[in-house]
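J.: Provided below: entry-v9.txt, containing compact mmCIF, C-alpha atoms and all ligand atoms.
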```txt
# COMPACT_ATOMS: atom_id res chain seq x y z
CA MET H 7 -7.20 -4.54 39.73
CA SER H 8 -7.04 -7.63 37.47
CA ASP H 9 -6.16 -7.30 33.77
CA ALA H 10 -9.80 -7.99 32.91
CA ASP H 11 -10.93 -5.19 35.24
CA LEU H 12 -8.41 -2.78 33.70
CA LEU H 13 -9.56 -3.61 30.17
CA ARG H 14 -13.17 -3.18 31.23
CA ALA H 15 -12.42 0.22 32.82
CA GLU H 16 -10.67 1.38 29.64
CA PHE H 17 -13.60 0.22 27.52
CA ALA H 18 -15.98 2.00 29.93
CA GLU H 19 -14.11 5.26 29.30
CA ASN H 20 -14.58 4.85 25.54
CA VAL H 21 -18.27 4.05 25.94
CA ARG H 22 -18.73 7.05 28.24
CA ARG H 23 -17.08 9.36 25.70
CA LEU H 24 -19.30 7.99 22.92
CA ALA H 25 -22.41 8.34 25.11
CA ASP H 26 -21.59 11.93 26.11
CA LYS H 27 -20.77 13.01 22.57
CA LYS H 28 -23.16 11.09 20.33
CA ILE H 29 -26.12 10.02 22.48
CA ALA H 30 -26.64 12.57 25.28
CA PRO H 31 -27.31 15.53 22.93
CA PHE H 32 -30.44 13.80 21.54
CA ALA H 33 -31.84 12.32 24.76
CA ALA H 34 -34.22 15.20 25.57
CA SER H 35 -35.69 15.54 22.06
CA CYS H 36 -36.08 11.79 21.78
CA ASP H 37 -38.16 11.87 24.98
CA GLU H 38 -40.09 14.99 24.08
CA ASN H 39 -41.10 13.73 20.63
CA ALA H 40 -41.40 10.04 21.62
CA GLU H 41 -38.96 9.42 18.80
CA PHE H 42 -37.00 6.20 18.24
CA PRO H 43 -33.29 6.95 18.95
CA ALA H 44 -31.98 6.06 15.48
CA HIS H 45 -28.89 8.25 16.07
CA SER H 46 -27.96 5.97 19.01
CA VAL H 47 -28.24 2.81 16.89
CA GLU H 48 -25.82 4.56 14.51
CA ALA H 49 -23.50 5.50 17.39
CA PHE H 50 -23.47 1.91 18.74
CA ARG H 51 -21.77 0.88 15.46
CA GLU H 52 -18.67 2.96 16.29
CA LEU H 53 -17.78 0.58 19.12
CA ASP H 54 -19.58 -2.50 17.77
CA LEU H 55 -21.87 -2.41 20.80
CA ALA H 56 -24.83 -4.21 19.19
CA GLY H 57 -22.84 -7.46 19.03
CA LEU H 58 -21.31 -7.29 22.47
CA ALA H 59 -23.46 -10.04 24.01
CA PHE H 60 -23.19 -12.51 21.12
CA PRO H 61 -20.54 -15.20 20.52
CA GLU H 62 -17.68 -14.39 18.15
CA HIS H 63 -18.54 -17.17 15.67
CA LEU H 64 -21.93 -15.45 15.19
CA GLY H 65 -20.43 -12.02 14.56
CA GLY H 66 -20.44 -10.77 18.15
CA SER H 67 -17.58 -9.96 20.47
CA GLY H 68 -18.50 -12.47 23.21
CA ALA H 69 -18.18 -9.99 26.08
CA ASP H 70 -18.90 -11.35 29.55
CA LEU H 71 -21.95 -10.25 31.55
CA PRO H 72 -20.08 -7.72 33.75
CA THR H 73 -18.84 -5.95 30.59
CA GLN H 74 -22.37 -5.88 29.14
CA VAL H 75 -23.59 -4.48 32.47
CA MET H 76 -20.96 -1.75 32.38
CA VAL H 77 -21.92 -0.72 28.83
CA ILE H 78 -25.64 -0.55 29.62
CA GLU H 79 -24.94 1.56 32.71
CA GLU H 80 -22.86 4.04 30.68
CA ILE H 81 -25.50 4.45 27.98
CA ALA H 82 -28.43 4.67 30.43
CA ARG H 83 -26.51 7.36 32.36
CA VAL H 84 -27.27 9.74 29.47
CA CYS H 85 -30.27 8.17 27.68
CA ALA H 86 -32.32 5.37 29.20
CA ALA H 87 -34.31 4.80 26.00
CA SER H 88 -31.15 4.19 23.97
CA ALA H 89 -29.77 1.72 26.52
CA SER H 90 -32.99 -0.29 26.34
CA VAL H 91 -32.92 -0.34 22.53
CA LEU H 92 -29.45 -1.88 22.85
CA LEU H 93 -30.20 -4.48 25.51
CA THR H 94 -33.58 -5.75 24.26
CA PRO H 95 -32.13 -7.77 21.33
CA TRP H 96 -29.58 -9.31 23.72
CA ALA H 97 -32.48 -10.61 25.82
CA ALA H 98 -34.55 -11.68 22.81
CA LEU H 99 -31.78 -13.81 21.30
CA THR H 100 -30.51 -15.45 24.51
CA PRO H 101 -32.82 -18.53 24.28
CA LEU H 102 -31.78 -18.94 20.63
CA ILE H 103 -28.06 -18.79 21.40
CA VAL H 104 -28.32 -21.21 24.31
CA HIS H 105 -30.83 -23.72 22.85
CA GLY H 106 -31.34 -22.97 19.14
CA SER H 107 -29.97 -24.81 16.11
CA ASP H 108 -26.78 -23.65 14.40
CA ASP H 109 -28.72 -22.94 11.25
CA LEU H 110 -31.26 -20.65 12.97
CA ASN H 111 -28.50 -18.89 14.90
CA HIS H 112 -26.61 -18.18 11.68
CA ARG H 113 -29.77 -16.88 10.00
CA ILE H 114 -30.64 -14.45 12.81
CA VAL H 115 -27.73 -13.47 15.04
CA PRO H 116 -25.10 -11.97 12.64
CA ASP H 117 -27.49 -9.27 11.35
CA VAL H 118 -28.47 -8.29 14.89
CA ALA H 119 -24.83 -8.38 16.05
CA ALA H 120 -23.86 -6.05 13.21
CA GLY H 121 -26.61 -3.60 14.17
CA ARG H 122 -28.49 -4.19 10.90
CA ALA H 123 -31.55 -5.70 12.63
CA LEU H 124 -33.27 -5.50 16.02
CA ALA H 125 -35.09 -8.20 17.98
CA SER H 126 -37.91 -8.18 20.55
CA PHE H 127 -38.65 -10.38 23.52
CA CYS H 128 -42.35 -11.37 23.76
CA LEU H 129 -43.63 -12.81 27.03
CA THR H 130 -46.28 -10.51 28.54
CA GLU H 131 -49.96 -10.76 27.54
CA PRO H 132 -53.10 -8.73 28.28
CA GLY H 133 -53.99 -11.24 31.01
CA GLY H 134 -50.76 -10.49 32.87
CA GLY H 135 -46.99 -10.44 32.99
CA SER H 136 -46.28 -11.62 36.53
CA ASP H 137 -48.03 -14.98 36.20
CA LEU H 138 -46.26 -16.00 33.02
CA ALA H 139 -47.30 -19.66 33.18
CA ALA H 140 -50.94 -18.53 32.69
CA LEU H 141 -50.21 -17.19 29.21
CA LYS H 142 -52.81 -17.88 26.50
CA THR H 143 -50.91 -17.49 23.22
CA ARG H 144 -51.12 -20.88 21.60
CA ALA H 145 -48.90 -22.66 19.09
CA THR H 146 -50.82 -25.38 17.25
CA ARG H 147 -49.02 -28.14 15.37
CA VAL H 148 -49.65 -28.09 11.59
CA SER H 149 -47.86 -29.68 8.65
CA GLY H 150 -44.27 -28.33 8.50
CA GLY H 151 -44.51 -26.10 11.52
CA TRP H 152 -46.78 -24.26 13.97
CA ARG H 153 -49.63 -21.76 13.82
CA LEU H 154 -49.46 -19.06 16.49
CA GLY H 155 -52.52 -17.26 17.83
CA GLY H 156 -52.73 -14.69 20.61
CA THR H 157 -51.68 -11.22 21.76
CA LYS H 158 -48.42 -10.11 23.35
CA ARG H 159 -48.61 -6.87 25.34
CA PHE H 160 -46.16 -3.98 25.86
CA ILE H 161 -43.53 -5.36 23.48
CA SER H 162 -40.37 -3.27 23.36
CA ASN H 163 -38.96 -2.29 19.96
CA ALA H 164 -42.18 -3.65 18.39
CA GLY H 165 -42.44 -2.52 14.79
CA HIS H 166 -38.72 -1.69 14.69
CA SER H 167 -37.50 -5.25 15.17
CA THR H 168 -36.99 -7.75 12.39
CA TRP H 169 -37.28 -10.76 14.75
CA TYR H 170 -39.66 -11.56 17.64
CA SER H 171 -38.94 -14.36 20.12
CA VAL H 172 -42.40 -15.46 21.22
CA LEU H 173 -43.28 -17.73 24.14
CA ALA H 174 -46.42 -19.73 23.30
CA ARG H 175 -48.30 -22.64 24.84
CA THR H 176 -47.79 -25.92 22.97
CA GLY H 177 -49.72 -28.10 25.42
CA ASP H 178 -51.48 -27.97 28.82
CA ASP H 179 -48.18 -27.62 30.65
CA ALA H 180 -45.78 -27.13 27.75
CA TYR H 181 -44.45 -23.98 26.09
CA GLY H 182 -42.24 -23.32 23.08
CA VAL H 183 -40.11 -20.38 21.95
CA PHE H 184 -40.69 -19.41 18.31
CA PHE H 185 -38.93 -16.85 16.12
CA VAL H 186 -41.44 -14.78 14.17
CA HIS H 187 -40.23 -12.55 11.32
CA ARG H 188 -41.60 -9.05 10.82
CA ASP H 189 -42.94 -10.00 7.36
CA ASP H 190 -44.68 -13.23 8.44
CA GLU H 191 -48.32 -13.36 7.42
CA GLY H 192 -50.64 -13.07 10.41
CA LEU H 193 -48.32 -10.77 12.42
CA SER H 194 -49.42 -7.20 13.09
CA PHE H 195 -48.81 -4.49 15.68
CA GLY H 196 -50.96 -2.29 17.90
CA LYS H 197 -50.61 1.45 18.38
CA HIS H 198 -47.44 2.85 19.89
CA GLU H 199 -48.16 3.31 23.58
CA ARG H 200 -47.90 6.79 25.10
CA LYS H 201 -45.87 6.42 28.28
CA MET H 202 -44.87 8.22 31.48
CA GLY H 203 -41.19 7.78 30.65
CA MET H 204 -38.90 5.86 28.31
CA ARG H 205 -40.80 7.69 25.61
CA GLY H 206 -38.17 7.21 22.91
CA PHE H 207 -38.25 3.46 23.46
CA PRO H 208 -41.12 2.04 21.38
CA THR H 209 -43.77 -0.15 23.04
CA ALA H 210 -46.69 -1.81 21.24
CA ASP H 211 -48.85 -4.92 21.25
CA LEU H 212 -48.06 -7.82 18.95
CA TYR H 213 -51.00 -9.65 17.34
CA LEU H 214 -50.56 -13.21 16.11
CA ASP H 215 -53.48 -14.25 13.96
CA GLY H 216 -52.84 -17.79 12.76
CA CYS H 217 -49.24 -16.80 12.05
CA PHE H 218 -47.35 -19.75 10.48
CA VAL H 219 -43.84 -20.46 11.84
CA PRO H 220 -41.89 -23.28 10.15
CA ASP H 221 -40.35 -26.02 12.28
CA ASP H 222 -36.84 -24.67 11.80
CA ARG H 223 -37.80 -21.44 13.60
CA ALA H 224 -38.80 -23.23 16.83
CA VAL H 225 -36.07 -23.16 19.49
CA GLY H 226 -34.86 -26.46 20.93
CA ASP H 227 -37.49 -28.57 22.70
CA THR H 228 -40.95 -27.05 22.11
CA ALA H 229 -42.11 -28.28 25.53
CA ARG H 230 -39.35 -26.51 27.49
CA GLY H 231 -39.71 -22.89 26.36
CA TYR H 232 -40.86 -21.68 29.77
CA HIS H 233 -37.60 -22.93 31.34
CA TYR H 234 -35.59 -21.36 28.51
CA MET H 235 -37.22 -18.01 29.20
CA MET H 236 -36.78 -18.28 32.98
CA ASP H 237 -33.06 -18.98 32.45
CA THR H 238 -32.87 -16.04 30.06
CA LEU H 239 -34.26 -13.74 32.76
CA THR H 240 -31.39 -14.75 35.06
CA TYR H 241 -28.94 -13.39 32.46
CA THR H 242 -30.96 -10.34 31.48
CA ARG H 243 -32.06 -9.05 34.88
CA PRO H 244 -28.52 -7.80 35.64
CA LEU H 245 -28.77 -5.74 32.44
CA VAL H 246 -32.09 -4.28 33.54
CA ALA H 247 -30.52 -3.51 36.93
CA ALA H 248 -27.57 -1.84 35.15
CA HIS H 249 -30.01 0.23 33.12
CA ALA H 250 -31.64 1.48 36.34
CA LEU H 251 -28.26 2.15 37.95
CA GLY H 252 -27.16 4.18 34.92
CA ILE H 253 -30.27 6.37 35.19
CA ALA H 254 -29.50 6.91 38.89
CA GLN H 255 -25.84 7.71 38.20
CA GLY H 256 -26.82 10.31 35.60
CA ALA H 257 -29.30 11.98 37.97
CA TYR H 258 -26.75 11.99 40.79
CA GLU H 259 -24.13 13.72 38.61
CA HIS H 260 -26.64 16.40 37.59
CA ALA H 261 -27.65 16.93 41.24
CA VAL H 262 -24.04 17.35 42.40
CA ALA H 263 -23.22 19.83 39.64
CA TYR H 264 -26.45 21.77 40.20
CA THR H 265 -26.11 22.10 43.98
CA ALA H 266 -22.45 23.11 43.65
CA GLY H 267 -23.43 25.91 41.25
CA ARG H 268 -26.73 27.24 42.62
CA GLU H 269 -26.63 29.81 45.41
CA GLN H 270 -29.22 30.46 48.13
CA PHE H 271 -28.76 32.48 51.33
CA GLY H 272 -25.47 33.78 49.91
CA LYS H 273 -23.72 30.46 49.36
CA PRO H 274 -23.87 27.38 47.14
CA LEU H 275 -26.59 24.84 48.03
CA SER H 276 -23.78 22.28 48.38
CA ARG H 277 -22.57 24.14 51.50
CA PHE H 278 -25.75 23.28 53.43
CA GLN H 279 -25.42 20.28 55.69
CA LEU H 280 -28.86 18.87 54.80
CA VAL H 281 -28.01 19.01 51.10
CA ARG H 282 -24.62 17.35 51.70
CA ALA H 283 -26.35 14.57 53.67
CA MET H 284 -28.77 13.97 50.77
CA VAL H 285 -25.86 13.76 48.32
CA ALA H 286 -23.95 11.45 50.68
CA ASP H 287 -26.99 9.13 50.85
CA MET H 288 -27.33 9.09 47.06
CA LYS H 289 -23.66 8.25 46.58
CA THR H 290 -23.81 5.49 49.18
CA GLN H 291 -26.92 3.96 47.58
CA LEU H 292 -25.24 4.05 44.17
CA GLU H 293 -22.05 2.36 45.33
CA ALA H 294 -23.94 -0.30 47.29
CA ALA H 295 -26.15 -1.01 44.27
CA ARG H 296 -23.12 -1.21 41.97
CA ALA H 297 -21.29 -3.65 44.28
CA LEU H 298 -24.35 -5.91 44.49
CA LEU H 299 -24.92 -5.73 40.74
CA TYR H 300 -21.36 -6.74 39.81
CA ARG H 301 -21.45 -9.60 42.31
CA ALA H 302 -24.72 -10.81 40.76
CA ALA H 303 -23.33 -10.41 37.22
CA ASP H 304 -20.23 -12.43 38.14
CA THR H 305 -22.28 -15.37 39.44
CA ALA H 306 -25.38 -15.27 37.16
CA VAL H 307 -23.91 -17.92 34.82
CA ASP H 308 -23.97 -20.46 37.69
CA ASN H 309 -27.79 -20.36 37.45
CA THR H 310 -28.25 -21.84 40.94
CA SER H 311 -31.01 -20.91 43.38
CA ARG H 312 -28.48 -18.70 45.20
CA SER H 313 -27.23 -16.94 42.04
CA ARG H 314 -30.80 -16.40 40.83
CA ALA H 315 -31.61 -14.82 44.20
CA MET H 316 -28.52 -12.58 43.87
CA VAL H 317 -29.75 -11.45 40.45
CA SER H 318 -33.19 -10.68 41.92
CA MET H 319 -31.57 -8.72 44.78
CA ALA H 320 -29.57 -6.69 42.27
CA LYS H 321 -32.68 -6.01 40.15
CA LEU H 322 -34.68 -5.00 43.25
CA PHE H 323 -31.98 -2.84 44.83
CA CYS H 324 -30.72 -1.09 41.68
CA THR H 325 -34.24 -0.21 40.51
CA ASP H 326 -35.35 1.02 43.97
CA THR H 327 -32.12 3.03 44.07
CA ALA H 328 -32.96 4.53 40.68
CA MET H 329 -36.38 5.69 41.91
CA SER H 330 -34.99 7.05 45.15
CA VAL H 331 -31.92 8.79 43.68
CA THR H 332 -33.79 10.36 40.75
CA THR H 333 -36.53 11.63 43.11
CA THR H 334 -33.90 13.20 45.39
CA ALA H 335 -32.15 14.70 42.34
CA VAL H 336 -35.41 16.42 41.36
CA GLN H 337 -35.83 17.67 44.95
CA LEU H 338 -32.32 19.13 44.95
CA HIS H 339 -33.09 21.05 41.74
CA GLY H 340 -36.10 22.72 43.41
CA GLY H 341 -38.67 24.13 40.93
CA ASN H 342 -36.20 23.68 38.08
CA GLY H 343 -36.21 19.94 38.75
CA TYR H 344 -39.89 19.80 37.87
CA MET H 345 -39.27 21.40 34.48
CA SER H 346 -38.46 19.36 31.41
CA ASP H 347 -35.58 21.75 30.61
CA TYR H 348 -33.58 19.85 33.23
CA PRO H 349 -32.69 16.18 32.55
CA VAL H 350 -33.53 14.98 36.07
CA GLU H 351 -37.26 15.40 35.29
CA ARG H 352 -36.93 12.87 32.45
CA MET H 353 -34.71 10.60 34.52
CA MET H 354 -37.26 10.36 37.34
CA ARG H 355 -39.99 9.39 34.83
CA ASP H 356 -37.67 6.90 33.13
CA ALA H 357 -36.74 5.27 36.46
CA LYS H 358 -40.29 4.23 37.41
CA VAL H 359 -40.71 1.43 34.88
CA THR H 360 -37.54 -0.31 36.05
CA GLN H 361 -39.38 -1.32 39.23
CA ILE H 362 -42.17 -2.85 37.15
CA TRP H 363 -40.70 -4.63 34.13
CA GLU H 364 -38.63 -7.80 33.79
CA GLY H 365 -40.50 -9.13 36.85
CA ALA H 366 -42.03 -6.48 39.14
CA ASN H 367 -40.04 -5.91 42.32
CA GLU H 368 -42.66 -7.80 44.36
CA ILE H 369 -41.89 -10.86 42.18
CA GLN H 370 -38.15 -10.36 42.87
CA LYS H 371 -38.92 -10.38 46.62
CA MET H 372 -40.82 -13.66 46.19
CA LEU H 373 -37.78 -15.20 44.46
CA ILE H 374 -35.35 -13.92 47.10
CA ALA H 375 -37.56 -15.27 49.91
CA LYS H 376 -37.88 -18.62 48.09
CA ASP H 377 -34.10 -19.00 48.26
CA ALA H 378 -34.01 -17.81 51.88
CA PHE H 379 -36.47 -20.53 52.97
CA ALA H 380 -35.27 -23.19 50.51
CA GLU H 381 -33.89 -25.61 53.10
CA PHE H 382 -37.13 -25.54 55.10
CA GLU H 383 -39.59 -25.71 52.23
CA SER H 384 -38.09 -28.08 49.64
C1 LIG J 401 -42.54 0.16 28.98
C2 LIG J 401 -42.72 -1.32 29.11
C3 LIG J 401 -42.01 -2.17 28.26
C4 LIG J 401 -42.17 -3.56 28.38
N1 LIG J 401 -41.50 -4.38 27.52
C5 LIG J 401 -41.79 -5.72 27.52
C6 LIG J 401 -41.22 -6.58 26.53
O1 LIG J 401 -40.42 -6.17 25.69
N2 LIG J 401 -41.57 -7.89 26.55
C7 LIG J 401 -42.43 -8.40 27.47
O2 LIG J 401 -42.71 -9.58 27.43
N3 LIG J 401 -42.99 -7.60 28.42
C8 LIG J 401 -42.68 -6.27 28.46
N4 LIG J 401 -43.26 -5.45 29.40
C9 LIG J 401 -44.19 -6.02 30.35
C10 LIG J 401 -43.67 -6.09 31.77
O3 LIG J 401 -42.66 -7.07 31.89
C11 LIG J 401 -44.88 -6.35 32.67
O4 LIG J 401 -45.63 -5.15 32.69
C12 LIG J 401 -44.51 -6.76 34.09
O5 LIG J 401 -43.95 -8.05 34.10
C13 LIG J 401 -45.72 -6.75 35.03
O6 LIG J 401 -46.79 -7.44 34.46
P1 LIG J 401 -48.24 -6.73 34.37
O7 LIG J 401 -48.06 -5.38 33.79
O8 LIG J 401 -49.16 -7.66 33.70
O9 LIG J 401 -48.66 -6.52 35.88
P2 LIG J 401 -49.45 -7.63 36.80
O10 LIG J 401 -48.88 -8.97 36.60
O11 LIG J 401 -50.91 -7.43 36.58
O12 LIG J 401 -49.06 -7.09 38.23
C14 LIG J 401 -49.44 -5.77 38.69
C15 LIG J 401 -48.71 -5.51 39.99
O13 LIG J 401 -49.21 -6.40 40.98
C16 LIG J 401 -48.17 -6.78 41.86
N5 LIG J 401 -48.07 -8.24 41.86
C17 LIG J 401 -48.27 -9.11 40.85
N6 LIG J 401 -48.14 -10.38 41.26
C18 LIG J 401 -47.86 -10.32 42.58
C19 LIG J 401 -47.62 -11.30 43.60
N7 LIG J 401 -47.64 -12.61 43.33
N8 LIG J 401 -47.37 -10.88 44.86
C20 LIG J 401 -47.33 -9.55 45.15
N9 LIG J 401 -47.55 -8.58 44.23
C21 LIG J 401 -47.81 -8.96 42.98
C22 LIG J 401 -46.89 -6.08 41.36
O14 LIG J 401 -46.72 -4.86 42.08
C23 LIG J 401 -47.21 -5.76 39.93
O15 LIG J 401 -46.51 -4.64 39.46
C24 LIG J 401 -43.06 -4.08 29.36
C25 LIG J 401 -43.75 -3.21 30.21
C26 LIG J 401 -43.59 -1.86 30.11
C27 LIG J 401 -44.35 -0.95 31.03
```
As a first step, turn the structure in this file into C-alpha cells.
T.:
Amino acid sequence: MSDADLLRAEFAENVRRLADKKIAPFAASCDENAEFPAHSVEAFRELDLAGLAFPEHLGGSGADLPTQVMVIEEIARVCAASASVLLTPWAALTPLIVHGSDDLNHRIVPDVAAGRALASFCLTEPGGGSDLAALKTRATRVSGGWRLGGTKRFISNAGHSTWYSVLARTGDDAYGVFFVHRDDEGLSFGKHERKMGMRGFPTADLYLDGCFVPDDRAVGDTARGYHYMMDTLTYTRPLVAAHALGIAQGAYEHAVAYTAGREQFGKPLSRFQLVRAMVADMKTQLEAARALLYRAADTAVDNTSRSRAMVSMAKLFCTDTAMSVTTTAVQLHGGNGYMSDYPVERMMRDAKVTQIWEGANEIQKMLIAKDAFAEFES
C-alpha cells in the first residue's frame, strides 16, 4: 500500500465511525418523514467534509477524487440521502472552480466549503434530462448582465441551497453557466417532490422568471457552458457511482448479519448453500464495482475519451450493482425485508434512482460504445 492509500484508509475509518455514530441513527426517520438530514450537515463539520472537494486557497482541503469517492461511499453506506446532500454542492461548484473568476470563487466557495451554505446543480428541464442540448432555459443579454427565463426540473437541495449553478441557452448553439442566488428576484421553487426513495434528500423545480444575473456571476465564456457541464459530469459521475456502491455495501452488511443470525430448519440461514452462493455473488459484485470505480476515479482528471468511458462504466456498473445487491438483500431478509423496520427496504428504494440520474444508464452505454467504436467512426 502506498502512503496515500494508507492515509486514505485511516481517513475512511474516521468517516465510517462518524457515519455509524452520528448519521446512521437518523437515516430511517429522515426517510420516513421525508426530512432534510440537518443532523448530517452538522456531523460533516466534525471532519470538515463539506470542503473536501474544494481547493485549499478557497477554504477546502483539496482532497483528490479517490478520497472524495471513499467518503461518499462511507456516508451512503448508512444514509444515501445524507451522502447526496454532501456531494451535490461539489458538483454544482465544479464549473466555477475550473472556469470561474477568482472574485466569484471567493464570494461563493468558502461558505460552501465551511458547511455554512449549500449549492445545487441545475441542468434538467421538463422537456428532458437525457438530451441536454435541447434545453429551453434562456439567458438574454441586458445591460450589466443577463435575464434568465425557464424551468429546471428535479433540482436536488432546491430551497435549501444558497447558490444555484444554472445552464441556460445564450444563443442557437451556445450555453452559459450562471450562478443564481436564493434571494434573487424572479427565482422561485416548486413543491417538494414525493419520491420512491431518497426521501430525505429534497427535490423541487426551480422557476426562473426574468431573473437578473449580473455579468460577474456568469462563469467563464458564456458560449461554452455546455462543455463546462459535460466536463463536470466526468468528475462527478464517480461520486454518483460511489454513492450507489455505498448503498450496496450497507445492504450487503445487513444481509450477512441477518442470515448469520436467523434460523430456519434448525440452523442459521447462512448455513444453506443457496444463501451462501447469493452472498458470494453480492460480495464479488461489490469488489468488482469498487475496483472499476477506483480505476475510473484515478483517471477521470485525464478527461480523454477513454477516461470518460471508464467513468461511464463505473457509473453503470456500480449503480446496477446497487440495484442487484439491495434487491438480493431484501430477498435474504424474507418478509422482514419488505418491512420498513429493516434498513434494506429503504436501501432498495434508494438504489433505484442511481440508475436514472446523472445520465441514465442507457446514456452511459451510449458513451461507452462511442469510445469502443471511436477509431471506426471518427
Ligand atoms: C431524485 C432526483 C434528483 C435529481 N437531481 C437533479 C439535479 O440536482 N439536477 C439536475 O439537473 N437534474 C437532476 N435530476 C434529473 C435527472 O438527472 C434526470 O431525471 C435524468 O437525467 C433523466 O432525464 P429524464 O428524467 O428527463 O428522462 P428522459 O430523458 O425522458 O429519459 C427517460 C428514459 O429513457 C431512456 N432514454 C433516454 N434517452 C435515451 C437514448 N438516447 N437511448 C436509449 N434510451 C434512452 C432512459 O432509460 C431514460 O431513463 C434528478 C432526478 C431525480 C429523479
J.: Using all atoms listed in the file, find the one residue out of H:Gly106, H:Gly365, H:Gly66, H:Gly121 that sits nearest to ligand LIG 401 (chain J).
T.: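 Smallest distance to ligand LIG 401 (chain J) is found for H:Gly365.
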J.: Could you give me the residues within 8 Å of ligand LIG 401 (chain J), counting only C-alpha atoms and all ligand atoms, as a PyMOL selection string?
T.: chain H and resi 94+126-137+158-164+201+203-204+207-209+359+361-369+372
J.: Counting only C-alpha atoms, which residue out of H:Val148, H:Ile114, H:Val246, H:Cys85 sits closest to Phe323 of chain H?
T.: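 The closest residue to Phe323 of chain H is H:Val246.
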J.: Identify which of the residues H:Thr176, H:Thr240, H:Ser149, H:Ser67 lies closest to Met319 of chain H, counting only C-alpha atoms when measuring atom-to-atom distances.
T.: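 Residue with the minimum atom-to-atom distance to Met319 of chain H: H:Thr240.
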J.: Nearest residue to Tyr348 of chain H out of H:Leu110, H:Ala306, H:Ala33, H:Glu62, using only C-alpha atoms?
T.: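 Residue with the minimum atom-to-atom distance to Tyr348 of chain H: H:Ala33.
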J.: Do a neighbour search on Thr242 of chain H at 12 Å with only C-alpha atoms, toss out local chain neighbours closer than 5 positions, and write the hits as a ChimeraX atom specification.
T.: /H:59,71-72,74-75,78,90,93-101,127,235-237,247-249,299,302-303,306-307,314,317-318,320-321,363-365
J.: In Å, how far is it from atom CA of Thr228 of chain H to atom CA of Leu154 of chain H?
T.: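 Interatomic distance here is 13.0 Å.
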J.: Can you list, as a PyMOL selection string, every protein, DNA or RNA residue that comes within 10 Å of Leu24 of chain H when you count only C-alpha atoms, leaving out same-chain residues fewer than 5 positions away?
T.: chain H and resi 18-19+29-30+46+49-50+52-53+80-81
J.: At what distance in Å, to one decimal, does atom CA of Lys358 of chain H lie from atom CA of His45 of chain H?
T.: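 According to the coordinates, atom CA of His45 of chain H and atom CA of Lys358 of chain H are separated by 24.5 Å.
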J.: Could you work out how far atom CA of Leu92 of chain H lies from atom CA of Cys36 of chain H, giving the answer in Å with one decimal?
T.: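 Spanning atom CA of Cys36 of chain H to atom CA of Leu92 of chain H is a straight-line distance of 15.2 Å.
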J.: Show which residues sit within 7 Å of Ile253 of chain H, as a PyMOL selection string. Count only C-alpha atoms, and ignore same-chain residues fewer than 2 positions away.
T.: chain H and resi 82-83+86+249-251+255-257+328+353+357
J.: Extract, using only C-alpha atoms, all DNA, RNA and protein residues at most 7 Å from segment 288-295 of chain H, discarding same-chain residues fewer than 3 positions from it, and format them as a PyMOL selection string.
T.: chain H and resi 258+284-285+298-299+320+323-324+327+331
J.: Pick from H:Arg268, H:Arg153, H:Lys273, H:His260: nearest to Val219 of chain H, with only C-alpha atoms counted?
T.: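 Looking at the shortest contact to Val219 of chain H, the residue is H:Arg153.
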J.: I'd like to know which of H:Gln270, H:Ala297, H:Asp222, H:Val77 is closest to Glu16 of chain H, using only C-alpha atoms.
T.: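 Result for the nearest residue to Glu16 of chain H: H:Val77.
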J.: Within 10 Å of Gly165 of chain H, counting all atoms listed in the file, which residues qualify if same-chain residues fewer than 3 places away don't, as a list in words?
T.: Leu124, Ala125, Ser126, Ile161, Ser162, Thr168, Trp169, Tyr170, Arg188, Ser194, Phe195, Gly196, Lys197, His198, Pro208, Thr209, Ala210, Asp211 and Leu212 of chain H
